[in-house]
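Have a look at data.csv below; it lists CSV, C-alpha atoms and all ligand atoms.
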```csv
chain,number,residue,atom,x,y,z
A,22,MET,CA,-12.4,55.7,-20.4
A,23,HIS,CA,-15.8,56.1,-18.8
A,24,ALA,CA,-15.6,53.4,-16.1
A,25,LEU,CA,-15.9,56.0,-13.4
A,26,ARG,CA,-18.6,58.0,-15.1
A,27,TRP,CA,-21.0,55.2,-15.8
A,28,GLY,CA,-21.1,54.3,-12.1
A,29,LEU,CA,-22.1,57.8,-11.2
A,30,ALA,CA,-24.6,57.9,-14.0
A,31,ALA,CA,-26.1,54.6,-13.0
A,32,VAL,CA,-26.5,55.9,-9.4
A,33,ALA,CA,-28.2,59.0,-10.8
A,34,ALA,CA,-30.5,56.9,-12.9
A,35,GLY,CA,-31.4,54.8,-9.8
A,36,VAL,CA,-32.2,58.0,-8.0
A,37,ALA,CA,-34.3,59.2,-10.8
A,38,VAL,CA,-36.3,56.0,-10.7
A,39,ALA,CA,-36.8,56.4,-7.0
A,40,VAL,CA,-37.8,60.0,-7.1
A,41,LEU,CA,-39.9,60.0,-10.2
A,42,TRP,CA,-42.0,57.0,-9.5
A,43,VAL,CA,-45.4,58.5,-9.3
A,44,THR,CA,-49.0,57.5,-8.5
A,45,ALA,CA,-51.5,58.7,-11.1
A,46,PRO,CA,-54.9,60.1,-10.1
A,47,ASN,CA,-56.5,56.8,-11.0
A,48,GLY,CA,-54.2,55.0,-8.5
A,49,GLU,CA,-51.9,53.4,-11.0
A,50,THR,CA,-48.3,53.6,-10.1
A,51,GLY,CA,-45.6,53.8,-12.7
A,52,PRO,CA,-42.5,55.8,-13.8
A,53,ALA,CA,-43.2,59.4,-14.5
A,54,PRO,CA,-43.4,59.8,-18.3
A,55,SER,CA,-40.9,62.7,-18.2
A,56,SER,CA,-38.2,60.9,-16.2
A,57,VAL,CA,-36.2,59.4,-19.0
A,58,GLY,CA,-36.9,59.5,-22.7
A,59,GLY,CA,-38.9,61.8,-24.8
A,60,PRO,CA,-39.2,63.2,-28.3
A,61,PHE,CA,-36.2,62.9,-30.6
A,62,THR,CA,-35.5,63.2,-34.3
A,63,LEU,CA,-32.5,61.2,-35.6
A,64,VAL,CA,-31.1,59.5,-38.7
A,65,ALA,CA,-31.1,55.7,-38.8
A,66,HIS,CA,-28.3,53.7,-40.2
A,67,THR,CA,-30.5,53.2,-43.3
A,68,GLY,CA,-30.5,56.9,-43.9
A,69,GLU,CA,-34.1,57.3,-42.9
A,70,THR,CA,-35.1,60.1,-40.5
A,71,VAL,CA,-36.8,58.5,-37.5
A,72,THR,CA,-38.5,59.7,-34.2
A,73,GLU,CA,-39.4,58.0,-30.9
A,74,ALA,CA,-42.7,57.2,-32.5
A,75,ASP,CA,-41.0,54.7,-34.8
A,76,PHE,CA,-40.2,52.6,-31.7
A,77,LEU,CA,-43.6,52.4,-30.1
A,78,ASP,CA,-44.6,49.1,-31.7
A,79,LYS,CA,-43.0,47.1,-29.0
A,80,PRO,CA,-40.7,47.5,-26.0
A,81,THR,CA,-37.3,49.1,-26.8
A,82,VAL,CA,-33.8,49.0,-25.3
A,83,TYR,CA,-31.8,52.2,-25.9
A,84,TYR,CA,-28.1,52.4,-25.4
A,85,PHE,CA,-26.0,55.6,-26.1
A,86,GLY,CA,-22.4,55.3,-27.2
A,87,PHE,CA,-20.1,55.6,-30.2
A,88,THR,CA,-18.5,53.2,-32.7
A,89,TYR,CA,-14.9,54.1,-31.8
A,90,CYS,CA,-15.5,53.1,-28.2
A,91,PRO,CA,-12.8,50.6,-27.4
A,92,ASP,CA,-14.5,48.5,-24.8
A,93,VAL,CA,-17.5,49.7,-22.9
A,94,CYS,CA,-20.0,50.1,-25.8
A,95,PRO,CA,-19.1,46.7,-27.4
A,96,MET,CA,-19.5,45.1,-24.0
A,97,GLY,CA,-22.8,46.7,-23.4
A,98,LEU,CA,-24.2,45.7,-26.8
A,99,GLN,CA,-22.9,42.1,-26.4
A,100,SER,CA,-24.4,41.8,-23.0
A,101,LEU,CA,-27.7,42.9,-24.4
A,102,ALA,CA,-27.4,40.4,-27.2
A,103,ARG,CA,-26.6,37.6,-24.7
A,104,ALA,CA,-29.5,38.7,-22.5
A,105,LEU,CA,-31.9,38.5,-25.5
A,106,GLN,CA,-30.7,35.0,-26.2
A,107,ILE,CA,-31.2,34.0,-22.6
A,108,ALA,CA,-34.7,35.4,-22.5
A,109,ASP,CA,-35.4,33.8,-25.9
A,110,LEU,CA,-36.3,37.1,-27.5
A,111,ASP,CA,-35.4,38.6,-30.8
A,112,ALA,CA,-36.0,41.7,-32.9
A,113,GLY,CA,-39.7,40.7,-33.3
A,114,ASP,CA,-40.1,41.1,-29.5
A,115,VAL,CA,-37.8,44.0,-28.6
A,116,ASN,CA,-36.3,46.9,-30.5
A,117,SER,CA,-32.6,47.3,-29.8
A,118,VAL,CA,-31.4,50.8,-30.5
A,119,PHE,CA,-27.8,52.2,-30.4
A,120,VAL,CA,-27.7,56.0,-30.4
A,121,SER,CA,-24.4,57.7,-31.3
A,122,VAL,CA,-22.9,60.5,-29.1
A,123,ASP,CA,-20.2,61.0,-31.8
A,124,PRO,CA,-22.1,62.5,-34.7
A,125,GLU,CA,-18.9,63.8,-36.3
A,126,ARG,CA,-17.5,60.3,-37.0
A,127,ASP,CA,-20.7,58.2,-36.8
A,128,THR,CA,-22.3,58.8,-40.1
A,129,PRO,CA,-25.3,56.6,-41.1
A,130,GLU,CA,-22.8,54.6,-43.2
A,131,ALA,CA,-20.5,54.1,-40.3
A,132,MET,CA,-23.4,53.1,-38.1
A,133,ALA,CA,-24.7,50.6,-40.7
A,134,SER,CA,-21.4,48.8,-40.7
A,135,TYR,CA,-21.1,48.8,-36.9
A,136,VAL,CA,-24.6,47.5,-36.1
A,137,SER,CA,-24.3,44.6,-38.5
A,138,ALA,CA,-21.8,42.8,-36.2
A,139,ASP,CA,-22.9,39.3,-35.5
A,140,VAL,CA,-22.2,39.6,-31.7
A,141,PHE,CA,-24.6,42.5,-31.4
A,142,PRO,CA,-28.4,42.2,-30.9
A,143,PRO,CA,-30.3,40.9,-33.9
A,144,GLY,CA,-31.9,43.8,-35.8
A,145,LEU,CA,-29.9,46.4,-33.9
A,146,VAL,CA,-30.8,49.9,-35.2
A,147,GLY,CA,-28.1,52.6,-35.3
A,148,LEU,CA,-29.2,56.2,-34.8
A,149,THR,CA,-27.1,59.3,-35.4
A,150,GLY,CA,-27.8,62.8,-36.6
A,151,ASN,CA,-26.3,66.3,-36.5
A,152,GLU,CA,-24.9,67.7,-33.3
A,153,GLU,CA,-28.1,69.3,-32.2
A,154,GLN,CA,-30.2,66.2,-32.8
A,155,VAL,CA,-27.8,64.0,-30.9
A,156,ALA,CA,-27.6,66.5,-28.0
A,157,ALA,CA,-31.4,66.7,-27.8
A,158,ALA,CA,-31.8,62.9,-27.7
A,159,ALA,CA,-29.0,62.6,-25.1
A,160,GLN,CA,-30.7,65.2,-23.0
A,161,ALA,CA,-34.0,63.5,-23.2
A,162,PHE,CA,-32.5,60.3,-21.8
A,163,ARG,CA,-30.3,62.1,-19.2
A,164,VAL,CA,-27.2,60.8,-21.0
A,165,TYR,CA,-23.9,62.4,-20.1
A,166,TYR,CA,-21.2,62.6,-22.8
A,167,GLN,CA,-18.1,64.6,-23.2
A,168,ARG,CA,-15.4,64.7,-25.9
A,169,VAL,CA,-11.9,63.8,-24.6
A,170,ASP,CA,-9.0,64.6,-26.9
A,171,THR,CA,-6.4,61.8,-27.0
A,172,PRO,CA,-3.7,63.1,-29.4
A,173,GLU,CA,-1.4,60.1,-28.4
A,174,SER,CA,-3.9,57.6,-29.8
A,175,ALA,CA,-4.9,56.8,-33.4
A,176,ALA,CA,-8.5,57.8,-32.6
A,177,ASP,CA,-7.7,61.5,-32.0
A,178,TYR,CA,-10.5,61.7,-29.5
A,179,LEU,CA,-12.8,59.5,-27.4
A,180,ILE,CA,-16.2,60.3,-25.9
A,181,ASP,CA,-16.6,59.9,-22.2
A,182,HIS,CA,-20.2,58.8,-21.7
A,183,SER,CA,-22.7,57.2,-19.4
A,184,SER,CA,-23.2,53.5,-20.2
A,185,ILE,CA,-26.8,52.6,-19.5
A,186,LEU,CA,-29.3,50.2,-21.2
A,187,TYR,CA,-32.6,52.0,-20.9
A,188,LEU,CA,-35.6,49.5,-21.0
A,189,MET,CA,-38.6,51.3,-22.3
A,190,ASP,CA,-42.1,49.9,-22.7
A,191,ALA,CA,-44.2,49.9,-25.9
A,192,GLN,CA,-45.6,53.3,-24.8
A,193,GLY,CA,-42.1,54.8,-24.7
A,194,ARG,CA,-42.1,54.9,-20.9
A,195,PHE,CA,-38.9,54.3,-19.0
A,196,VAL,CA,-39.1,51.1,-17.0
A,197,GLU,CA,-35.7,50.0,-15.8
A,198,PRO,CA,-31.9,50.7,-16.3
A,199,PHE,CA,-29.0,48.3,-16.6
A,200,THR,CA,-25.3,49.0,-17.3
A,201,HIS,CA,-22.8,47.2,-19.5
A,202,ALA,CA,-21.4,45.6,-16.3
A,203,ASP,CA,-24.6,43.9,-15.3
A,204,ALA,CA,-24.8,40.1,-15.8
A,205,PRO,CA,-26.6,39.2,-19.0
A,206,GLU,CA,-28.8,36.9,-16.8
A,207,ASP,CA,-30.0,39.9,-14.8
A,208,ILE,CA,-30.6,41.9,-18.0
A,209,ALA,CA,-32.5,38.9,-19.4
A,210,ALA,CA,-34.7,38.9,-16.3
A,211,GLY,CA,-35.4,42.6,-16.8
A,212,LEU,CA,-36.4,42.0,-20.4
A,213,THR,CA,-38.7,39.2,-19.4
A,214,ARG,CA,-40.4,41.6,-16.8
A,215,LEU,CA,-40.6,44.3,-19.5
A,216,LEU,CA,-42.3,42.0,-21.9
A,217,ALA,CA,-44.7,40.7,-19.2
A,218,GLY,CA,-45.7,44.3,-18.3
A,219,SER,CA,-46.1,45.6,-21.9
B,1,NI,NI,-18.5,53.6,-24.9
```

How does this structure look as structure tokens?
Ligand code: NI
Amino acid sequence: MHALRWGLAAVAAGVAVAVLWVTAPNGETGPAPSSVGGPFTLVAHTGETVTEADFLDKPTVYYFGFTYCPDVCPMGLQSLARALQIADLDAGDVNSVFVSVDPERDTPEAMASYVSADVFPPGLVGLTGNEEQVAAAAQAFRVYYQRVDTPESAADYLIDHSSILYLMDAQGRFVEPFTHADAPEDIAAGLTRLLAGS
């Protein structure tokens, strides 16, 4: 559904990294804090209201998608799970967060059932919210999503969306993007770099 879109989004994210890499007055170089990520208020699969501050205890990988996604989201989350295994990391080292872009169907209850799948990252946190909350979070992460009606299918509609794993450090700063199509070995190397730099 979104095979064409994620390619463009990945390119856009790459450009954002290149353009927004800045040198601070003290000479330290790093991604501009405003490039990707920012304040959000969402509802966790536990029913708790959470913000970005709840994920600043350790590095975090954010991925935006939806539970009805037939292929790309499960593939992205399984690649992340495999990458964590390869890098010998678990939920104690890295937060794995799946943010819904389908708030209409992805209730906290639906997210709770989805994130518990064995093939997904250990401790995967599902976040959803109302339309405004989800839109604000997606905007903060430069995530594209668009409802596509599919009356011929049982799902009624799908969500065309960018498919990017956003690696963020423990200060909530964007470090590096991957896509669902990247090799788990490459994502694992990115996670190892992320941990080394945090
Ligand atoms: Ni998807």

Next on the checklist: Around ligand NI 1 (chain B), out to 6 Å and counting only C-alpha atoms and all ligand atoms, which residues are there? I want them as a list in words.
Outcome noted: Gly86, Phe87, Cys90, Val93 and Cys94 of chain A

Using C-alpha atoms, can you export the residues from the last selection as a compact mmCIF listing (two decimals), in the coordinates of the input?
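Output file again15.txt is given in full below:
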```
# COMPACT_ATOMS: atom_id res chain seq x y z
CA GLY A 86 -22.40 55.30 -27.20
CA PHE A 87 -20.10 55.60 -30.20
CA CYS A 90 -15.50 53.10 -28.20
CA VAL A 93 -17.50 49.70 -22.90
CA CYS A 94 -20.00 50.10 -25.80
```

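Nearest to A:Arg126 of all the residues A:Val169, A:Val64, A:Ala176, A:Leu212 is A:Ala176, counting all atoms listed in the file.
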
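The shortest atom-to-atom distance to A:Ile180, with only C-alpha atoms taken into account, belongs to A:Val122 out of A:Ala156, A:Val122, A:Ile107, A:Ala74.
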
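The space between atom CA of A:Val136 and atom CA of A:Pro95 spans 10.3 Å.
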
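Interatomic distance, atom CA of A:Asp127 against atom CA of A:His66: 9.5 Å.
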
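The two atoms in question, atom CA of A:Ala133 and atom CA of A:Gly68, are spaced 9.1 Å apart.
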
Next on the checklist: Measuring between only C-alpha atoms, which one of A:Glu173, A:Gln192, A:Pro60, A:Asp75 shows the shortest distance to A:Val146?
Outcome noted: A:Asp75

Checklist entry - From the list A:Leu145, A:Gly193, A:Ala217, A:Gly58, which residue is nearest A:Gln99 when using only C-alpha atoms? => result A:Leu145

Spatial neighbours of A:Ala108, max dist 9 Å, only C-alpha atoms, sep filter under 4 positions, as a compact mmCIF listing (two decimals) with C-alpha atoms, keeping the file's coordinate frame:
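Output (out25.txt):
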```
# COMPACT_ATOMS: atom_id res chain seq x y z
CA ARG A 103 -26.60 37.60 -24.70
CA ALA A 104 -29.50 38.70 -22.50
CA GLU A 206 -28.80 36.90 -16.80
CA ILE A 208 -30.60 41.90 -18.00
CA ALA A 209 -32.50 38.90 -19.40
CA ALA A 210 -34.70 38.90 -16.30
CA LEU A 212 -36.40 42.00 -20.40
CA THR A 213 -38.70 39.20 -19.40
```

Next on the checklist: Would you pick out the contacts of A:Ala202 at 12 Å or less, using only C-alpha atoms, so that residues sharing its chain but fewer than 2 positions from it are not included, and give the list as JSON, numbers by chain?
Outcome noted: {"A": [24, 27, 28, 31, 92, 93, 94, 95, 96, 97, 98, 99, 100, 101, 184, 185, 186, 198, 199, 200, 204, 205, 206, 207, 208]}

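When all atoms listed in the file are used to measure the gap to A:Val57, the shortest distance among A:Ala131, A:Val196, A:Gly218, A:His201 belongs to A:Val196.
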